[in-house]
Each structure stands twice: as C-alpha cells, then as structure tokens.
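Engineer: This is the structure I want to talk about, given as structure tokens.
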Amino acid sequence: MSDQVEFLKRVYARFNARDMEAVLAALSKTVAWANGMEGGHVHGRDGVRSYWTRQWAMVDPHVEPVGFSVGLEGEIIVDVHQVVHDLEGKLLIDQMVVHIFRFEDGLIKRFDIGGA
C-alpha cells in the first residue's frame with residue numbers, strides 16, 4: 001500500500017496546485033471519475049479534464065489527505081479534509097469526506113466519493 005499512498009499524496013498535491021496534466025497522467029485512459037458537483041461519473045481523461053475545467057471556473061477546491069487504509073477489495077480509502085471557496089475567496093465547504101481509489105496497471109482506474 002505504501003507505494004500507492006505516496007502516489008496518491010503526489011496526485012493530491014498536483015491537484016491542489018492545479019497541475020491538471022500531471023494528475024491526468026496518473027489516470028487510466030478509461031478512468032471512471034466521480035462527479036462530485038453533478039453526480040454520476042465522468043469517463044476517460046478528456047471527461048475528467050472537462051469536468052475539472054468546469055469545476056475550477058466556479059469554485060476553488062482544496063483536498064488534503066489525512067488518512068489512508070485498504071478496503072476489502074484492495075481499494076485505497078482516503079480520509080480527506082475538503083475545503084472549497086468560491087472564486088472571491090468566500091468559504092463554501094469545510095468538511096471531511098472519503099475518497100476511494102481503485103488501481104489498474106499502476107494508474108487510477110476508478111475514483112468514488114464516499115460509498116457512491
């Protein structure tokens with residue numbers, strides 16, 4: 001698990017730095033990524049790119065991993081402190097959430113929020 005944890009820590013850091021291409025490179029070409037704003041999932045790197053482009057045009061999210069564990073099927077479960085501001089800096093959300101990552105061939109194959 002330690003390799004995947006270090007990998008995910010880098011992914012979170014790059015996401016928070018808005019280094020979209022570095023994060024997209026960590027995803028499978030056919031990734032299923034939870035759409036936390038509208039529900040469901042977006043698919044593929046282009047779907048994630050489009051989702052984040054829309055998201056970051058509306059809000060400024062920051063996600064800090066604070067704990068990692070392994071689920072029953074080998075998925076990595078991350079306890080995350082999520083803080084979201086609007087583009088003027090007003091706090092919208094400050095909460096703990098759970099992110100769930102599944103890997104294939106060293107890349108993120110699926111990302112879910114909570115039990116979604």
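Ligands are numbered from 1 in the order shown, residues from 1 within each chain, and chains are lettered A, B, ... in the order they appear in the structure tokens.
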Which residues come within 12 Å of Gly39 in chain A, counting only C-alpha atoms, excluding same-chain residues fewer than 4 positions away, as a list in words?
Structural biologist: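 Once the adjacent positions are removed, what remains is Trp33, Ala34, Asn35, Tyr51, Asp112, Ile113 and Ala116 of chain A.
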Engineer: Need the shell around Phe68 in chain A: protein/DNA/RNA residues with any atom at most 8 Å away, counting only C-alpha atoms. Skip same-chain ones fewer than 3 positions apart. Format as a PyMOL selection string?
Structural biologist: chain A and resi 5+65+76-79
Engineer: Expressed in Å to a single decimal, how great is the separation between CA of Val97 in chain A and CA of Ser28 in chain A?
Structural biologist: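 That distance, rounded to one decimal, is 23.1 Å.
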Engineer: So which residues touch Arg102 in chain A within 10 Å, counting only C-alpha atoms, skipping near sequence neighbours fewer than 2 positions away, as a PyMOL selection string?
Structural biologist: chain A and resi 31-32+71+73-77+100+104+106-112
Engineer: Output C-alpha atoms of each residue in that selection to a file, as an mmCIF file, in the first residue's frame.
Structural biologist:
```cif
data_model
loop_
_atom_site.group_PDB
_atom_site.id
_atom_site.type_symbol
_atom_site.label_atom_id
_atom_site.label_comp_id
_atom_site.auth_asym_id
_atom_site.auth_seq_id
_atom_site.Cartn_x
_atom_site.Cartn_y
_atom_site.Cartn_z
ATOM 1 C CA VAL A 31 -10.928 6.080 -15.836
ATOM 2 C CA ALA A 32 -14.346 6.422 -14.198
ATOM 3 C CA GLY A 71 -10.606 -1.739 1.623
ATOM 4 C CA GLU A 73 -11.185 -5.457 -2.388
ATOM 5 C CA GLY A 74 -7.776 -3.760 -2.282
ATOM 6 C CA GLU A 75 -9.076 -0.273 -2.963
ATOM 7 C CA ILE A 76 -7.339 2.625 -1.225
ATOM 8 C CA ILE A 77 -9.644 4.599 1.055
ATOM 9 C CA ILE A 100 -11.969 5.670 -2.788
ATOM 10 C CA GLU A 104 -5.055 -0.945 -12.625
ATOM 11 C CA GLY A 106 -0.279 1.432 -11.649
ATOM 12 C CA LEU A 107 -2.863 4.045 -12.674
ATOM 13 C CA ILE A 108 -6.132 5.195 -11.116
ATOM 14 C CA LYS A 109 -8.905 3.201 -12.786
ATOM 15 C CA ARG A 110 -11.846 4.424 -10.677
ATOM 16 C CA PHE A 111 -12.460 7.210 -8.167
ATOM 17 C CA ASP A 112 -15.520 7.347 -5.928
#
```
Engineer: When you draw a straight line from CA of Gly89 in chain A to CA of Tyr12 in chain A, how long is it in Å?
Structural biologist: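 Computing the Euclidean distance for CA of Gly89 in chain A and CA of Tyr12 in chain A yields 20.5 Å.
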Engineer: Enumerate as a count of residues only all residues of range 1-112 of chain A assigned to strand (DSSP E or B) by DSSP on the backbone, naming them with the chain letters and numbers the document uses.
Structural biologist: 54
Engineer: Tell me, as an NGL selection string, which residues lie within 8 Å of Val63 in chain A, counting only C-alpha atoms; anything in the same chain fewer than 3 positions away does not count.
Structural biologist: :A and (12 or 16 or 80-83)
Engineer: Keeping C-alpha atoms for every residue in the selection just given, could you write it to a file as a compact mmCIF listing (two decimals), in the first residue's frame?
Structural biologist:
```txt
# COMPACT_ATOMS: atom_id res chain seq x y z
CA TYR A 12 -3.41 15.37 -4.30
CA ASN A 16 -4.17 21.37 -5.31
CA VAL A 80 -9.80 13.86 3.15
CA HIS A 81 -10.21 17.35 4.59
CA GLN A 82 -12.05 19.21 1.83
CA VAL A 83 -12.21 22.99 1.80
```
Engineer: Can you list every residue in chain A that DSSP puts in alpha helix (DSSP H), as a PyMOL selection string?
Structural biologist: chain A and resi 2-16+20-24+44-58
Engineer: How far is it from CA of His85 in chain A to CA of His62 in chain A, in Å with one decimal?
Structural biologist: 8.5 Å
Engineer: I'd like the neighbourhood of Ala25 in chain A as an MDAnalysis selection string, where a residue qualifies if any of its atoms comes within 10 Å (using only C-alpha atoms), though same-chain residues fewer than 4 positions away should be ignored.
Structural biologist: chainID A and resid 11 20:21 29 45 107:108
Engineer: Go ahead and save the picked residues with N, CA and C atoms, as a tab-separated table (two decimals), in the first residue's frame.
Structural biologist:
```tsv
chain	number	residue	atom	x	y	z
A	11	VAL	N	-0.53	12.93	-6.23
A	11	VAL	CA	-1.70	13.30	-7.03
A	11	VAL	C	-2.48	14.42	-6.34
A	20	MET	N	-3.17	20.13	-13.85
A	20	MET	CA	-4.12	19.18	-14.40
A	20	MET	C	-3.45	18.07	-15.19
A	21	GLU	N	-2.50	18.41	-16.03
A	21	GLU	CA	-1.88	17.39	-16.88
A	21	GLU	C	-1.13	16.35	-16.07
A	29	LYS	N	-6.56	5.66	-19.08
A	29	LYS	CA	-7.23	6.31	-20.20
A	29	LYS	C	-8.74	6.11	-20.16
A	45	ARG	N	-9.86	10.39	-19.62
A	45	ARG	CA	-9.08	11.59	-19.26
A	45	ARG	C	-9.73	12.85	-19.80
A	107	LEU	N	-2.14	2.80	-12.45
A	107	LEU	CA	-2.86	4.04	-12.67
A	107	LEU	C	-4.22	3.97	-11.99
A	108	ILE	N	-4.80	5.14	-11.73
A	108	ILE	CA	-6.13	5.20	-11.12
A	108	ILE	C	-7.16	4.80	-12.16
```
Engineer: Return the single residue from A:His41, A:Arg10, A:Val59, A:Gly36 that is closest to Leu92 in chain A, with distances computed using only C-alpha atoms.
Structural biologist: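 Using only C-alpha atoms, Leu92 in chain A sits closest to A:Val59.
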Engineer: Taking only C-alpha atoms into account, name the residue in A:Asp105, A:Glu6, A:Asp94, A:Asp86 that is nearest to Met58 in chain A.
Structural biologist: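 Smallest distance to Met58 in chain A is found for A:Asp86.
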Engineer: Between A:Asp60, A:Val66, A:Glu88, A:Ala26, which has the minimum distance to Val48 in chain A (counting only C-alpha atoms)?
Structural biologist: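 Distance minimum relative to Val48 in chain A lands on A:Ala26.
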